[in-house]
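Below is start09.tsv, holding TSV, C-alpha atoms.
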chain	number	residue	atom	x	y	z
A	22	TRP	CA	27.06	125.19	170.22
A	23	LEU	CA	25.19	123.25	172.92
A	24	GLY	CA	24.69	120.09	170.88
A	25	PRO	CA	22.89	117.47	173.01
A	26	ALA	CA	23.43	119.43	176.24
A	27	PRO	CA	20.43	121.01	178.02
A	28	LYS	CA	19.40	124.44	176.84
A	29	ARG	CA	20.11	127.04	179.51
A	30	ALA	CA	20.24	130.82	179.72
A	31	PHE	CA	23.55	132.16	178.44
A	32	ASN	CA	26.20	132.57	181.12
A	33	PRO	CA	29.70	133.75	180.10
A	34	MET	CA	31.18	131.66	182.93
A	35	ARG	CA	29.87	128.50	181.25
A	36	PHE	CA	31.30	129.49	177.87
A	37	HIS	CA	34.62	129.08	176.03
A	38	GLY	CA	37.37	127.76	178.32
A	39	ASN	CA	35.09	127.44	181.34
A	40	TRP	CA	32.73	124.93	179.71
A	41	ARG	CA	34.90	122.00	180.81
A	42	TRP	CA	34.10	122.57	184.51
A	43	PHE	CA	30.38	121.78	184.17
A	44	PHE	CA	28.59	118.43	184.03
A	45	ASP	CA	26.58	119.54	180.98
A	46	TYR	CA	29.60	119.98	178.73
A	47	GLY	CA	32.88	118.66	180.10
A	48	THR	CA	34.70	116.19	182.29
A	49	GLY	CA	36.58	118.48	184.66
A	50	ASP	CA	40.36	118.59	184.76
A	51	LEU	CA	40.53	114.79	184.81
A	52	GLY	CA	39.28	114.76	181.23
A	53	ASN	CA	40.97	118.04	180.33
A	54	ASP	CA	44.65	117.78	181.24
A	55	GLY	CA	44.40	114.48	183.10
A	56	VAL	CA	43.80	112.45	179.96
A	57	HIS	CA	47.30	113.37	178.76
A	58	ARG	CA	48.87	112.38	182.08
A	59	LEU	CA	46.91	109.11	182.16
A	60	ASP	CA	47.81	108.42	178.54
A	61	ILE	CA	51.53	108.59	179.31
A	62	ALA	CA	51.12	106.65	182.57
A	63	ARG	CA	49.15	103.89	180.82
A	64	TRP	CA	51.72	103.79	178.02
A	65	ALA	CA	54.54	103.49	180.56
A	66	LEU	CA	52.68	100.80	182.52
A	67	GLU	CA	52.05	98.73	179.40
A	68	THR	CA	55.72	99.08	178.38
A	69	ALA	CA	56.88	97.97	181.81
A	70	VAL	CA	54.54	94.95	181.75
A	71	ALA	CA	55.63	94.00	178.23
A	72	ALA	CA	59.30	94.15	179.34
A	73	ARG	CA	58.46	91.38	181.82
A	74	LYS	CA	56.99	89.29	178.99
A	75	GLU	CA	53.53	89.67	180.47
A	76	VAL	CA	50.22	90.68	178.93
A	77	ALA	CA	49.28	94.36	179.18
A	78	PRO	CA	46.54	94.94	181.77
A	79	GLY	CA	43.95	96.57	179.44
A	80	LEU	CA	41.15	98.33	181.33
A	81	PRO	CA	40.84	98.32	185.14
A	82	ALA	CA	38.60	95.92	187.05
A	83	LYS	CA	37.93	98.36	189.91
A	84	VAL	CA	37.99	102.15	190.20
A	85	SER	CA	37.72	104.38	193.26
A	86	ALA	CA	37.94	108.16	193.61
A	87	ILE	CA	37.86	110.75	196.35
A	88	GLY	CA	38.02	114.53	196.18
A	89	GLY	CA	35.93	117.67	195.90
A	90	LYS	CA	36.00	121.45	195.62
A	91	TYR	CA	38.43	122.22	198.42
A	92	PHE	CA	39.98	125.43	197.12
A	93	PHE	CA	37.97	127.39	194.53
A	94	ASP	CA	34.76	129.13	195.58
A	95	ASP	CA	32.99	129.39	192.23
A	96	ALA	CA	30.34	127.78	190.04
A	97	GLN	CA	32.53	124.87	188.97
A	98	GLU	CA	30.82	121.49	189.42
A	99	TRP	CA	33.78	119.15	188.96
A	100	PRO	CA	36.36	118.80	191.77
A	101	ASP	CA	39.50	120.92	191.97
A	102	THR	CA	41.19	118.21	194.05
A	103	LEU	CA	40.93	114.54	193.11
A	104	MET	CA	42.64	111.21	193.64
A	105	VAL	CA	41.64	108.21	191.52
A	106	THR	CA	42.88	104.64	191.91
A	107	TYR	CA	42.60	102.19	189.03
A	108	ASP	CA	42.99	98.53	190.01
A	109	PHE	CA	44.16	96.48	187.04
A	110	ALA	CA	43.77	92.79	187.77
A	111	PRO	CA	46.05	91.17	188.58
A	112	GLY	CA	48.77	93.09	190.32
A	113	TYR	CA	48.93	96.58	188.82
A	114	ILE	CA	47.62	99.84	190.26
A	115	LEU	CA	47.56	103.25	188.58
A	116	THR	CA	46.90	106.31	190.73
A	117	TYR	CA	45.98	109.73	189.38
A	118	GLU	CA	46.46	112.86	191.51
A	119	MET	CA	44.98	116.24	190.58
A	120	ARG	CA	45.56	119.51	192.45
A	121	THR	CA	44.76	122.32	190.02
A	122	TRP	CA	45.43	124.96	192.70
A	123	SER	CA	48.88	123.72	193.76
A	124	ALA	CA	52.00	125.39	192.38
A	125	TYR	CA	54.68	123.14	193.84
A	126	PRO	CA	56.17	120.39	191.65
A	127	LEU	CA	56.16	116.68	192.46
A	128	HIS	CA	59.38	114.80	191.66
A	129	GLU	CA	60.69	118.12	190.29
A	130	GLU	CA	58.04	118.12	187.55
A	131	SER	CA	55.05	120.44	187.19
A	132	GLU	CA	53.07	117.49	185.81
A	133	GLY	CA	53.88	114.03	184.55
A	134	ALA	CA	53.81	110.33	185.34
A	135	ALA	CA	55.91	107.93	187.40
A	136	VAL	CA	56.35	104.17	187.25
A	137	TYR	CA	57.49	102.39	190.42
A	138	GLY	CA	59.07	98.94	190.39
A	139	ASP	CA	60.85	96.82	192.95
A	140	GLU	CA	64.26	97.63	191.44
A	141	GLY	CA	63.81	101.27	190.52
A	142	SER	CA	61.52	103.95	189.15
A	143	VAL	CA	61.04	106.17	186.11
A	144	VAL	CA	59.68	109.73	186.22
A	145	ILE	CA	58.30	111.11	182.95
A	146	GLY	CA	57.80	114.87	182.61
A	147	ASN	CA	56.78	117.05	179.69
A	148	SER	CA	60.34	117.67	178.52
A	149	ARG	CA	62.39	114.79	179.95
A	150	TRP	CA	62.37	111.38	181.59
A	151	ARG	CA	64.62	110.14	184.38
A	152	ALA	CA	65.35	106.61	185.60
A	153	PHE	CA	66.40	105.90	189.20
A	154	ASP	CA	67.75	102.75	190.84
A	155	ALA	CA	66.33	101.15	193.97
A	156	LYS	CA	68.22	103.63	196.17
A	157	GLY	CA	66.97	106.69	194.30
A	158	LYS	CA	70.19	107.31	192.36
A	159	LEU	CA	69.74	108.83	188.90
A	160	ILE	CA	71.04	106.33	186.37
A	161	ARG	CA	69.75	107.75	183.08
A	162	GLU	CA	68.06	110.86	181.76
A	163	GLU	CA	66.90	111.96	178.32
A	164	LYS	CA	65.32	115.23	177.25
A	165	GLY	CA	62.69	115.90	174.62
A	166	GLY	CA	59.45	117.74	174.06
A	167	TYR	CA	56.12	117.76	172.32
A	168	ASN	CA	56.11	116.67	168.69
A	169	ASP	CA	52.85	118.15	167.47
A	170	VAL	CA	54.13	118.53	163.92
A	171	GLY	CA	55.18	114.89	163.85
A	172	HIS	CA	51.75	113.72	165.04
A	173	VAL	CA	49.98	115.82	162.41
A	174	ARG	CA	52.35	114.53	159.71
A	175	ASN	CA	51.75	110.94	160.81
A	176	PHE	CA	47.98	111.45	160.81
A	177	LEU	CA	47.98	112.94	157.30
A	178	ASP	CA	50.27	110.20	156.00
A	179	CYS	CA	47.97	107.53	157.44
A	180	MET	CA	44.95	109.15	155.80
A	181	ARG	CA	46.64	108.45	152.47
A	182	SER	CA	48.18	105.07	153.26
A	183	ARG	CA	45.32	103.78	155.48
A	184	ALA	CA	47.96	102.60	157.96
A	185	ARG	CA	47.33	102.79	161.71
A	186	PRO	CA	48.46	106.13	163.21
A	187	THR	CA	51.05	106.14	165.96
A	188	ALA	CA	48.44	107.55	168.37
A	189	ASP	CA	45.30	105.90	167.05
A	190	LEU	CA	41.85	106.01	168.59
A	191	GLU	CA	41.40	102.30	169.24
A	192	THR	CA	44.55	101.53	171.23
A	193	VAL	CA	45.55	105.00	172.50
A	194	GLY	CA	42.78	107.59	172.48
A	195	HIS	CA	39.87	105.42	173.54
A	196	PRO	CA	41.36	103.52	176.52
A	197	SER	CA	42.93	106.70	177.94
A	198	SER	CA	39.60	108.53	177.62
A	199	VAL	CA	37.77	105.62	179.28
A	200	LEU	CA	40.00	105.98	182.35
A	201	CYS	CA	38.87	109.60	182.71
A	202	HIS	CA	35.20	108.72	182.49
A	203	LEU	CA	35.57	105.82	184.94
A	204	GLY	CA	37.31	108.06	187.47
A	205	ASN	CA	34.59	110.68	187.20
A	206	CYS	CA	31.89	108.04	187.58
A	207	ALA	CA	33.53	106.70	190.74
A	208	TRP	CA	33.78	110.21	192.17
A	209	ARG	CA	30.14	111.02	191.43
A	210	ALA	CA	28.98	107.66	192.80
A	211	GLY	CA	31.10	108.10	195.92
A	212	ARG	CA	32.28	104.49	196.13
A	213	THR	CA	34.50	101.86	194.53
A	214	LEU	CA	33.05	100.60	191.26
A	215	ARG	CA	33.62	97.25	189.56
A	216	PHE	CA	33.96	97.68	185.82
A	217	ASP	CA	33.05	94.97	183.30
A	218	ALA	CA	35.11	95.68	180.18
A	219	SER	CA	33.06	93.19	178.14
A	220	THR	CA	29.86	95.22	178.57
A	221	TYR	CA	31.29	98.64	179.47
A	222	THR	CA	29.08	98.80	182.53
A	223	PHE	CA	29.55	98.73	186.28
A	224	THR	CA	28.65	95.33	187.66
A	225	GLY	CA	25.39	95.31	189.59
A	226	ASP	CA	25.30	99.08	190.00
A	227	ALA	CA	22.51	100.77	188.06
A	228	ASP	CA	23.02	103.96	190.05
A	229	ALA	CA	26.64	104.29	188.90
A	230	ASN	CA	25.79	103.28	185.33
A	231	GLN	CA	23.70	106.43	184.96
A	232	PHE	CA	26.94	108.45	184.92
A	233	LEU	CA	28.17	106.63	181.80
A	234	THR	CA	25.92	108.75	179.61
A	235	ARG	CA	23.75	111.85	179.70
A	236	PRO	CA	20.50	111.80	181.68
A	237	GLU	CA	18.83	113.13	178.56
A	238	TYR	CA	19.85	114.05	175.00
A	239	ARG	CA	18.33	117.29	173.77
A	240	GLN	CA	16.38	116.74	170.55
A	241	PRO	CA	17.15	116.13	167.77
A	242	TRP	CA	20.38	114.56	169.12
A	243	VAL	CA	20.31	110.90	170.05
A	244	LEU	CA	22.90	108.40	171.21
A	245	PRO	CA	22.98	105.53	168.68
A	246	SER	CA	23.05	102.01	170.03
A	247	LEU	CA	26.15	99.95	169.28
A	248	ASP	CA	24.25	97.42	167.14
A	249	LYS	CA	23.25	100.24	164.75
A	250	VAL	CA	26.71	101.68	164.24
Translate the structure described by the file into structure tokens.
Amino acid sequence: WLGPAPKRAFNPMRFHGNWRWFFDYGTGDLGNDGVHRLDIARWALETAVAARKEVAPGLPAKVSAIGGKYFFDDAQEWPDTLMVTYDFAPGYILTYEMRTWSAYPLHEESEGAAVYGDEGSVVIGNSRWRAFDAKGKLIREEKGGYNDVGHVRNFLDCMRSRARPTADLETVGHPSSVLCHLGNCAWRAGRTLRFDASTYTFTGDADANQFLTRPEYRQPWVLPSLDKV
């Protein structure tokens, strides 16, 4: 069950659903629920950029994060409150806000994503999206929901046809996951980090680069180098 994680004495609070709150096994709520929020936000940002006939921003050039354990008094290592800013060069910023202890909704949504432009905004929740003009007037709304069956059907169909799935790893899963890891690295480093997408490292920052992988892989697990894959 541990895989490459360090071997430790069994603790039920580090098991099952709680594993995600520890450095050894998980990525906190940023990588738990946050990846879904960031996925939709990144999708919306890329759609907005494409509508302007511009090139999608790809991965961010700079990442900063601030937060900590401000509410829960427990053994959790990852923060319960976190704000991450992703600076996509040039001219686009994506901000992630996480308050796992807060019950009140933002923009009348329990969780979601929002895109702000100079002529209006769009708020995307789990069961609807709403578009507002520059004065905050609702101009369009559509409702929907999760389509888990459709995603599974698409995945199985693509296994047979070898076509690219609608939510594939290369263009959807991987970049959204990278945002989570970059945010966590910035939080652990405690400063703004410059990310080089060509090398997948932080420029001139060996201290921050240590957070991109495990300090040690428990034998017999190893992390293969890219030139051997």
Using only C-alpha atoms, which residues of segment 29-49 of chain A come within 12 Å of segment 228-248 of chain A, and what is the closest atom pair for each, with the distance in Å to one decimal? Give it as a Markdown table, sorted by chain and residue number.
| residue | atom | partner | partner_atom | distance |
| --- | --- | --- | --- | --- |
| A:Arg29 | CA | A:Arg239 | CA | 11.5 |
| A:Phe44 | CA | A:Arg235 | CA | 9.2 |
| A:Asp45 | CA | A:Arg235 | CA | 8.3 |
| A:Tyr46 | CA | A:Arg235 | CA | 10.1 |
| A:Gly47 | CA | A:Arg235 | CA | 11.4 |
| A:Thr48 | CA | A:Phe232 | CA | 11.3 |
Those residues with C-alpha atoms, as a PDB file, in the frame of the given file please?
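Produced file result.pdb, reproduced below:
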ATOM      1  CA  ARG A  29      20.110 127.040 179.510  1.00  0.00           C
ATOM      2  CA  PHE A  44      28.590 118.430 184.030  1.00  0.00           C
ATOM      3  CA  ASP A  45      26.580 119.540 180.980  1.00  0.00           C
ATOM      4  CA  TYR A  46      29.600 119.980 178.730  1.00  0.00           C
ATOM      5  CA  GLY A  47      32.880 118.660 180.100  1.00  0.00           C
ATOM      6  CA  THR A  48      34.700 116.190 182.290  1.00  0.00           C
TER       7      THR A  48
END
Just how far from atom CA of Glu118 of chain A is atom CA of Leu103 of chain A, in Å to one decimal?
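These two atoms are separated by 6.0 Å.
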Do a neighbour search on Glu75 of chain A at 12 Å with all atoms listed in the file, toss out local chain neighbours closer than 5 positions, and write the hits as an MDAnalysis selection string.
chainID A and resid 66:70 111:113
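For the residues A:Phe31, A:Gly49, A:Leu127, A:Phe109, ranking by smallest atom-to-atom distance to Val76 of chain A using all atoms listed in the file places A:Phe109 first.
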Between A:Ser85, A:Asn175, A:Asn39, A:Asn32, which is the closest to His202 of chain A once you count all atoms listed in the file?
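Distance minimum relative to His202 of chain A lands on A:Ser85.
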Spatial neighbours of segment 188-198 of chain A, max dist 9 Å, all atoms listed in the file, sep filter under 6 positions, as a list in words:
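Answer for this query is Gly52, Val56, His57, Leu59, Asp60, Ile61, Arg63, Trp64, Gly79, Leu80, His172, Asn175 and Phe176 of chain A.
Distance check against Phe43 of chain A using all atoms listed in the file: of A:Tyr91, A:Phe153, A:Trp99, A:Tyr137, the minimum falls on A:Trp99.
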Counting all atoms listed in the file, the residue of A:Leu23, A:Ala72, A:Ala124, A:Ala86 that sits nearest Thr106 of chain A:
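With all atoms listed in the file as the atom set, the closest residue is A:Ala86.
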Complete the atom set of segment 60-90 of chain A to N, CA and C atoms and return it as a PDB file, in the frame of the given file.
ATOM      1  N   ASP A  60      47.362 109.037 179.780  1.00  0.00           N
ATOM      2  CA  ASP A  60      47.810 108.420 178.540  1.00  0.00           C
ATOM      3  C   ASP A  60      49.268 107.995 178.647  1.00  0.00           C
ATOM      4  N   ILE A  61      50.107 108.905 179.159  1.00  0.00           N
ATOM      5  CA  ILE A  61      51.530 108.590 179.310  1.00  0.00           C
ATOM      6  C   ILE A  61      51.738 107.525 180.380  1.00  0.00           C
ATOM      7  N   ALA A  62      50.985 107.634 181.492  1.00  0.00           N
ATOM      8  CA  ALA A  62      51.120 106.650 182.570  1.00  0.00           C
ATOM      9  C   ALA A  62      50.700 105.258 182.088  1.00  0.00           C
ATOM     10  N   ARG A  63      49.619 105.190 181.334  1.00  0.00           N
ATOM     11  CA  ARG A  63      49.150 103.890 180.820  1.00  0.00           C
ATOM     12  C   ARG A  63      50.151 103.327 179.825  1.00  0.00           C
ATOM     13  N   TRP A  64      50.705 104.194 178.988  1.00  0.00           N
ATOM     14  CA  TRP A  64      51.720 103.790 178.020  1.00  0.00           C
ATOM     15  C   TRP A  64      52.950 103.237 178.753  1.00  0.00           C
ATOM     16  N   ALA A  65      53.367 103.939 179.788  1.00  0.00           N
ATOM     17  CA  ALA A  65      54.540 103.490 180.560  1.00  0.00           C
ATOM     18  C   ALA A  65      54.257 102.171 181.266  1.00  0.00           C
ATOM     19  N   LEU A  66      53.048 102.038 181.825  1.00  0.00           N
ATOM     20  CA  LEU A  66      52.680 100.800 182.520  1.00  0.00           C
ATOM     21  C   LEU A  66      52.688  99.622 181.548  1.00  0.00           C
ATOM     22  N   GLU A  67      52.095  99.816 180.382  1.00  0.00           N
ATOM     23  CA  GLU A  67      52.050  98.730 179.400  1.00  0.00           C
ATOM     24  C   GLU A  67      53.451  98.353 178.928  1.00  0.00           C
ATOM     25  N   THR A  68      54.342  99.351 178.787  1.00  0.00           N
ATOM     26  CA  THR A  68      55.720  99.080 178.380  1.00  0.00           C
ATOM     27  C   THR A  68      56.455  98.289 179.442  1.00  0.00           C
ATOM     28  N   ALA A  69      56.225  98.671 180.708  1.00  0.00           N
ATOM     29  CA  ALA A  69      56.880  97.970 181.810  1.00  0.00           C
ATOM     30  C   ALA A  69      56.394  96.516 181.896  1.00  0.00           C
ATOM     31  N   VAL A  70      55.104  96.312 181.704  1.00  0.00           N
ATOM     32  CA  VAL A  70      54.540  94.950 181.750  1.00  0.00           C
ATOM     33  C   VAL A  70      55.075  94.115 180.598  1.00  0.00           C
ATOM     34  N   ALA A  71      55.136  94.721 179.402  1.00  0.00           N
ATOM     35  CA  ALA A  71      55.630  94.000 178.230  1.00  0.00           C
ATOM     36  C   ALA A  71      57.096  93.599 178.413  1.00  0.00           C
ATOM     37  N   ALA A  72      57.881  94.449 179.113  1.00  0.00           N
ATOM     38  CA  ALA A  72      59.300  94.150 179.340  1.00  0.00           C
ATOM     39  C   ALA A  72      59.468  92.900 180.205  1.00  0.00           C
ATOM     40  N   ARG A  73      58.428  92.577 180.983  1.00  0.00           N
ATOM     41  CA  ARG A  73      58.460  91.380 181.820  1.00  0.00           C
ATOM     42  C   ARG A  73      57.842  90.186 181.106  1.00  0.00           C
ATOM     43  N   LYS A  74      57.582  90.348 179.814  1.00  0.00           N
ATOM     44  CA  LYS A  74      56.990  89.290 178.990  1.00  0.00           C
ATOM     45  C   LYS A  74      55.599  88.904 179.483  1.00  0.00           C
ATOM     46  N   GLU A  75      54.883  89.899 179.993  1.00  0.00           N
ATOM     47  CA  GLU A  75      53.530  89.670 180.470  1.00  0.00           C
ATOM     48  C   GLU A  75      52.531  90.432 179.602  1.00  0.00           C
ATOM     49  N   VAL A  76      51.268  90.065 179.723  1.00  0.00           N
ATOM     50  CA  VAL A  76      50.220  90.680 178.930  1.00  0.00           C
ATOM     51  C   VAL A  76      49.826  92.022 179.545  1.00  0.00           C
ATOM     52  N   ALA A  77      49.676  93.037 178.701  1.00  0.00           N
ATOM     53  CA  ALA A  77      49.280  94.360 179.180  1.00  0.00           C
ATOM     54  C   ALA A  77      47.931  94.282 179.885  1.00  0.00           C
ATOM     55  N   PRO A  78      47.729  95.080 180.931  1.00  0.00           N
ATOM     56  CA  PRO A  78      46.540  94.940 181.770  1.00  0.00           C
ATOM     57  C   PRO A  78      45.219  95.365 181.127  1.00  0.00           C
ATOM     58  N   GLY A  79      45.214  96.155 180.052  1.00  0.00           N
ATOM     59  CA  GLY A  79      43.950  96.570 179.440  1.00  0.00           C
ATOM     60  C   GLY A  79      43.238  97.602 180.294  1.00  0.00           C
ATOM     61  N   LEU A  80      41.938  97.401 180.519  1.00  0.00           N
ATOM     62  CA  LEU A  80      41.150  98.330 181.330  1.00  0.00           C
ATOM     63  C   LEU A  80      41.055  97.834 182.766  1.00  0.00           C
ATOM     64  N   PRO A  81      40.862  98.726 183.734  1.00  0.00           N
ATOM     65  CA  PRO A  81      40.840  98.320 185.140  1.00  0.00           C
ATOM     66  C   PRO A  81      39.598  97.522 185.513  1.00  0.00           C
ATOM     67  N   ALA A  82      39.732  96.705 186.538  1.00  0.00           N
ATOM     68  CA  ALA A  82      38.600  95.920 187.050  1.00  0.00           C
ATOM     69  C   ALA A  82      37.848  96.686 188.123  1.00  0.00           C
ATOM     70  N   LYS A  83      38.555  97.570 188.851  1.00  0.00           N
ATOM     71  CA  LYS A  83      37.930  98.360 189.910  1.00  0.00           C
ATOM     72  C   LYS A  83      38.466  99.788 189.866  1.00  0.00           C
ATOM     73  N   VAL A  84      37.610 100.737 190.205  1.00  0.00           N
ATOM     74  CA  VAL A  84      37.990 102.150 190.200  1.00  0.00           C
ATOM     75  C   VAL A  84      37.404 102.817 191.444  1.00  0.00           C
ATOM     76  N   SER A  85      38.205 103.607 192.123  1.00  0.00           N
ATOM     77  CA  SER A  85      37.720 104.380 193.260  1.00  0.00           C
ATOM     78  C   SER A  85      38.251 105.802 193.150  1.00  0.00           C
ATOM     79  N   ALA A  86      37.523 106.760 193.707  1.00  0.00           N
ATOM     80  CA  ALA A  86      37.940 108.160 193.610  1.00  0.00           C
ATOM     81  C   ALA A  86      37.447 108.935 194.825  1.00  0.00           C
ATOM     82  N   ILE A  87      38.248 109.887 195.251  1.00  0.00           N
ATOM     83  CA  ILE A  87      37.860 110.750 196.350  1.00  0.00           C
ATOM     84  C   ILE A  87      38.388 112.159 196.072  1.00  0.00           C
ATOM     85  N   GLY A  88      37.606 113.159 196.412  1.00  0.00           N
ATOM     86  CA  GLY A  88      38.020 114.530 196.180  1.00  0.00           C
ATOM     87  C   GLY A  88      36.838 115.466 196.273  1.00  0.00           C
ATOM     88  N   GLY A  89      37.012 116.697 195.845  1.00  0.00           N
ATOM     89  CA  GLY A  89      35.930 117.670 195.900  1.00  0.00           C
ATOM     90  C   GLY A  89      36.448 119.065 195.589  1.00  0.00           C
ATOM     91  N   LYS A  90      35.609 120.052 195.780  1.00  0.00           N
ATOM     92  CA  LYS A  90      36.000 121.450 195.620  1.00  0.00           C
ATOM     93  C   LYS A  90      36.514 121.935 196.974  1.00  0.00           C
TER      94      LYS A  90
END
